[in-house]
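J.: Sharing a structure, written as structure tokens. Questions coming.
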Amino acid sequence: MLIAALLLASLLTDDPPSKLMAGDDAFARIEYPAAVEFYESAFHEHPDDPDLLWRLARAFVCMGEVLEGDERASLCKKAESYALQCIARDSTKAEGHTWRAAALGYIALDAGKSKQVNLSHELVKEVDAALRHNPNDDAAYSIKGSFYRALGNVSWFQRQLAALFIGRVPKGGYEEAEVALKRAMEIAPDVMRHHYELGVLYVDMDRRAEARKALETAARLPVRVAIDRPRLEKIKKLLAEWPDNE
């Protein structure tokens, strides 16, 4: 009843805070197209509001990350555009940097090797900026952890080839990933992503007991964003591959 009243109020008024609240409510219910509609309606009336811009970036990232290929790239490029606009209007807004970093991570998946190296440096820069402006940004720490886990899977030889032909790969690896993901968990212990990413990191590090513990914790946490649903399926698959006593 309360949700319906909020939505009705947002439709009957031109008050941007009401539309923002309605958009947040739709986002929390994983109804991303509705969230975007509310945010964009408020944004058209107040195009200089950075809080609307980073929310639009977040919504498009969350819409895109459950897709693949061109569909994902298109939505994440929209997300990056909104994040850049947020940063241009208020460079101290941590969320603008965080969600640009998230968008860049997905854009890099579909980019060529040379472009990936350039994007990786941009991603690190944005995560560092987010944490400089908000040291308690759990999403930024989680993105940082995922990025360094990926770097940990790049061999010394591959790094040398990259430096020779397409540019220097950022330094870092598993150790930096573990520190960042544990920090994300400290800040927001009820977010599935943080525990899942730590579990996958431990899989990569062949630390099976710790991986099982992290993944079992992740599986008990609520679904907050669309990608948590396929995440749960991946967790079940990983856990099924190991005996309980392994």
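Convention: chains lettered A, B, ... in structure tokens order; per-chain residue numbering from 1; ligands numbered from 1 as shown.
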Find the spatial neighbours of segment 66-73 of chain A, counting only C-alpha atoms, within a cut-off of 8 Å - ignore same-chain residues fewer than 4 positions away - and output them as a PDB file with N, CA and C atoms, in the first residue's frame.
T.:
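Below you can see selection32.pdb, which holds the result:
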```
ATOM      1  N   CYS A  62      23.392  -2.162 -13.727  1.00  0.00           N
ATOM      2  CA  CYS A  62      22.667  -3.325 -13.216  1.00  0.00           C
ATOM      3  C   CYS A  62      21.781  -3.966 -14.285  1.00  0.00           C
ATOM      4  N   LYS A  77      27.793   1.579 -21.720  1.00  0.00           N
ATOM      5  CA  LYS A  77      28.269   2.850 -22.273  1.00  0.00           C
ATOM      6  C   LYS A  77      27.321   3.983 -21.880  1.00  0.00           C
ATOM      7  N   TYR A 106      32.788  -3.678 -17.322  1.00  0.00           N
ATOM      8  CA  TYR A 106      32.003  -4.456 -18.282  1.00  0.00           C
ATOM      9  C   TYR A 106      32.334  -4.076 -19.722  1.00  0.00           C
ATOM     10  N   ILE A 107      32.584  -2.801 -19.962  1.00  0.00           N
ATOM     11  CA  ILE A 107      32.969  -2.377 -21.312  1.00  0.00           C
ATOM     12  C   ILE A 107      34.266  -3.071 -21.720  1.00  0.00           C
ATOM     13  N   ASP A 110      34.365  -6.600 -23.511  1.00  0.00           N
ATOM     14  CA  ASP A 110      34.077  -6.715 -24.947  1.00  0.00           C
ATOM     15  C   ASP A 110      35.033  -5.892 -25.803  1.00  0.00           C
ATOM     16  N   ALA A 226      19.758  -7.690  -9.856  1.00  0.00           N
ATOM     17  CA  ALA A 226      19.377  -8.755 -10.779  1.00  0.00           C
ATOM     18  C   ALA A 226      20.450  -9.826 -10.927  1.00  0.00           C
ATOM     19  N   ILE A 227      21.704  -9.420 -10.933  1.00  0.00           N
ATOM     20  CA  ILE A 227      22.763 -10.395 -11.164  1.00  0.00           C
ATOM     21  C   ILE A 227      22.955 -11.335  -9.985  1.00  0.00           C
TER      22      ILE A 227
END
```
J.: Pick out each residue of segment 22-242 of chain A that DSSP on the backbone tags as helix (DSSP H, G or I); I need them as a ChimeraX atom specification.
T.: /A:22-28,32-45,50-64,69-89,94-109,113-133,138-152,156-165,174-187,192-204,208-219,228-240
J.: With distances taken over only C-alpha atoms, which of A:Val203, A:Leu53, A:Ala83, A:Cys76 is nearest to Leu215 of chain A?
T.: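 The shortest atom-to-atom distance to Leu215 of chain A comes from A:Val203.
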J.: Report, in Å to a single decimal, how far apart atom CA of Lys125 of chain A and atom CA of Ile30 of chain A are.
T.: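 Rounded to one decimal, the two atoms are 29.1 Å apart.
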J.: Hey, what's within 12 Å of Glu178 of chain A if we count only C-alpha atoms and toss same-chain stuff fewer than 6 positions away? As number ranges by chain, please?
T.: A: 141-150, 152, 172, 184-185, 194-202, 204-205, 210-211, 214
J.: Include C-alpha atoms and write out the residues we just selected as a short mmCIF file (atom, residue, chain, number, x, y, z; two decimals), in the first residue's frame.
T.:
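What landed in out03.cif:
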```cif
data_model
loop_
_atom_site.label_atom_id
_atom_site.label_comp_id
_atom_site.auth_asym_id
_atom_site.auth_seq_id
_atom_site.Cartn_x
_atom_site.Cartn_y
_atom_site.Cartn_z
CA TYR A 141 36.17 -1.81 -2.69
CA SER A 142 34.30 -4.74 -4.23
CA ILE A 143 35.03 -3.54 -7.77
CA LYS A 144 38.67 -3.05 -6.79
CA GLY A 145 38.79 -6.59 -5.42
CA SER A 146 37.32 -8.08 -8.59
CA PHE A 147 39.77 -6.12 -10.71
CA TYR A 148 42.81 -7.28 -8.76
CA ARG A 149 41.55 -10.87 -8.81
CA ALA A 150 41.52 -10.63 -12.60
CA GLY A 152 46.10 -12.13 -10.32
CA GLY A 172 48.56 -5.94 -8.26
CA ALA A 184 33.95 -4.34 1.35
CA MET A 185 32.55 -7.12 3.56
CA HIS A 194 31.37 -9.19 -1.73
CA HIS A 195 31.27 -12.71 -0.27
CA TYR A 196 30.83 -14.31 -3.68
CA GLU A 197 33.81 -12.49 -5.17
CA LEU A 198 35.95 -13.45 -2.17
CA GLY A 199 34.87 -17.06 -2.60
CA VAL A 200 35.81 -17.04 -6.28
CA LEU A 201 39.14 -15.45 -5.38
CA TYR A 202 39.83 -18.30 -2.97
CA ASP A 204 41.53 -19.16 -7.93
CA MET A 205 44.02 -19.36 -5.05
CA GLU A 210 37.85 -20.65 2.74
CA ALA A 211 36.14 -20.56 -0.65
CA ALA A 214 32.60 -17.50 1.70
#
```
J.: Give me the residues near Asn134 of chain A as a ChimeraX atom specification, where near means some atom within 9 Å (using only C-alpha atoms) and where sequence neighbours in that chain fewer than 2 positions away do not count.
T.: /A:92-95,129-132,136-137
J.: Just give me the gap between atom CA of Arg231 of chain A and atom CA of Gly64 of chain A in Å, one decimal is fine.
T.: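 Here the two named atoms are 14.7 Å from each other.
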J.: To one decimal in Å, tell me the separation between atom CA of Ala42 of chain A and atom CA of Ala79 of chain A.
T.: 16.8 Å
J.: Report as a VMD selection string all protein, DNA and RNA residues lying within 12 Å of Asp24 of chain A, evaluated on only C-alpha atoms, omitting residues in the same chain fewer than 5 positions from it.
T.: chain A and resid 3 6 to 7 10 17 to 19 29 to 39 51 to 52 54 to 56 58 to 59
J.: For Trp242 of chain A, list every protein, DNA or RNA residue within 10 Å, evaluated using only C-alpha atoms, and leave out those in the same chain fewer than 6 positions away; present the list as a list in words.
T.: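 That gives Arg208, Ala209 and Arg212 of chain A.
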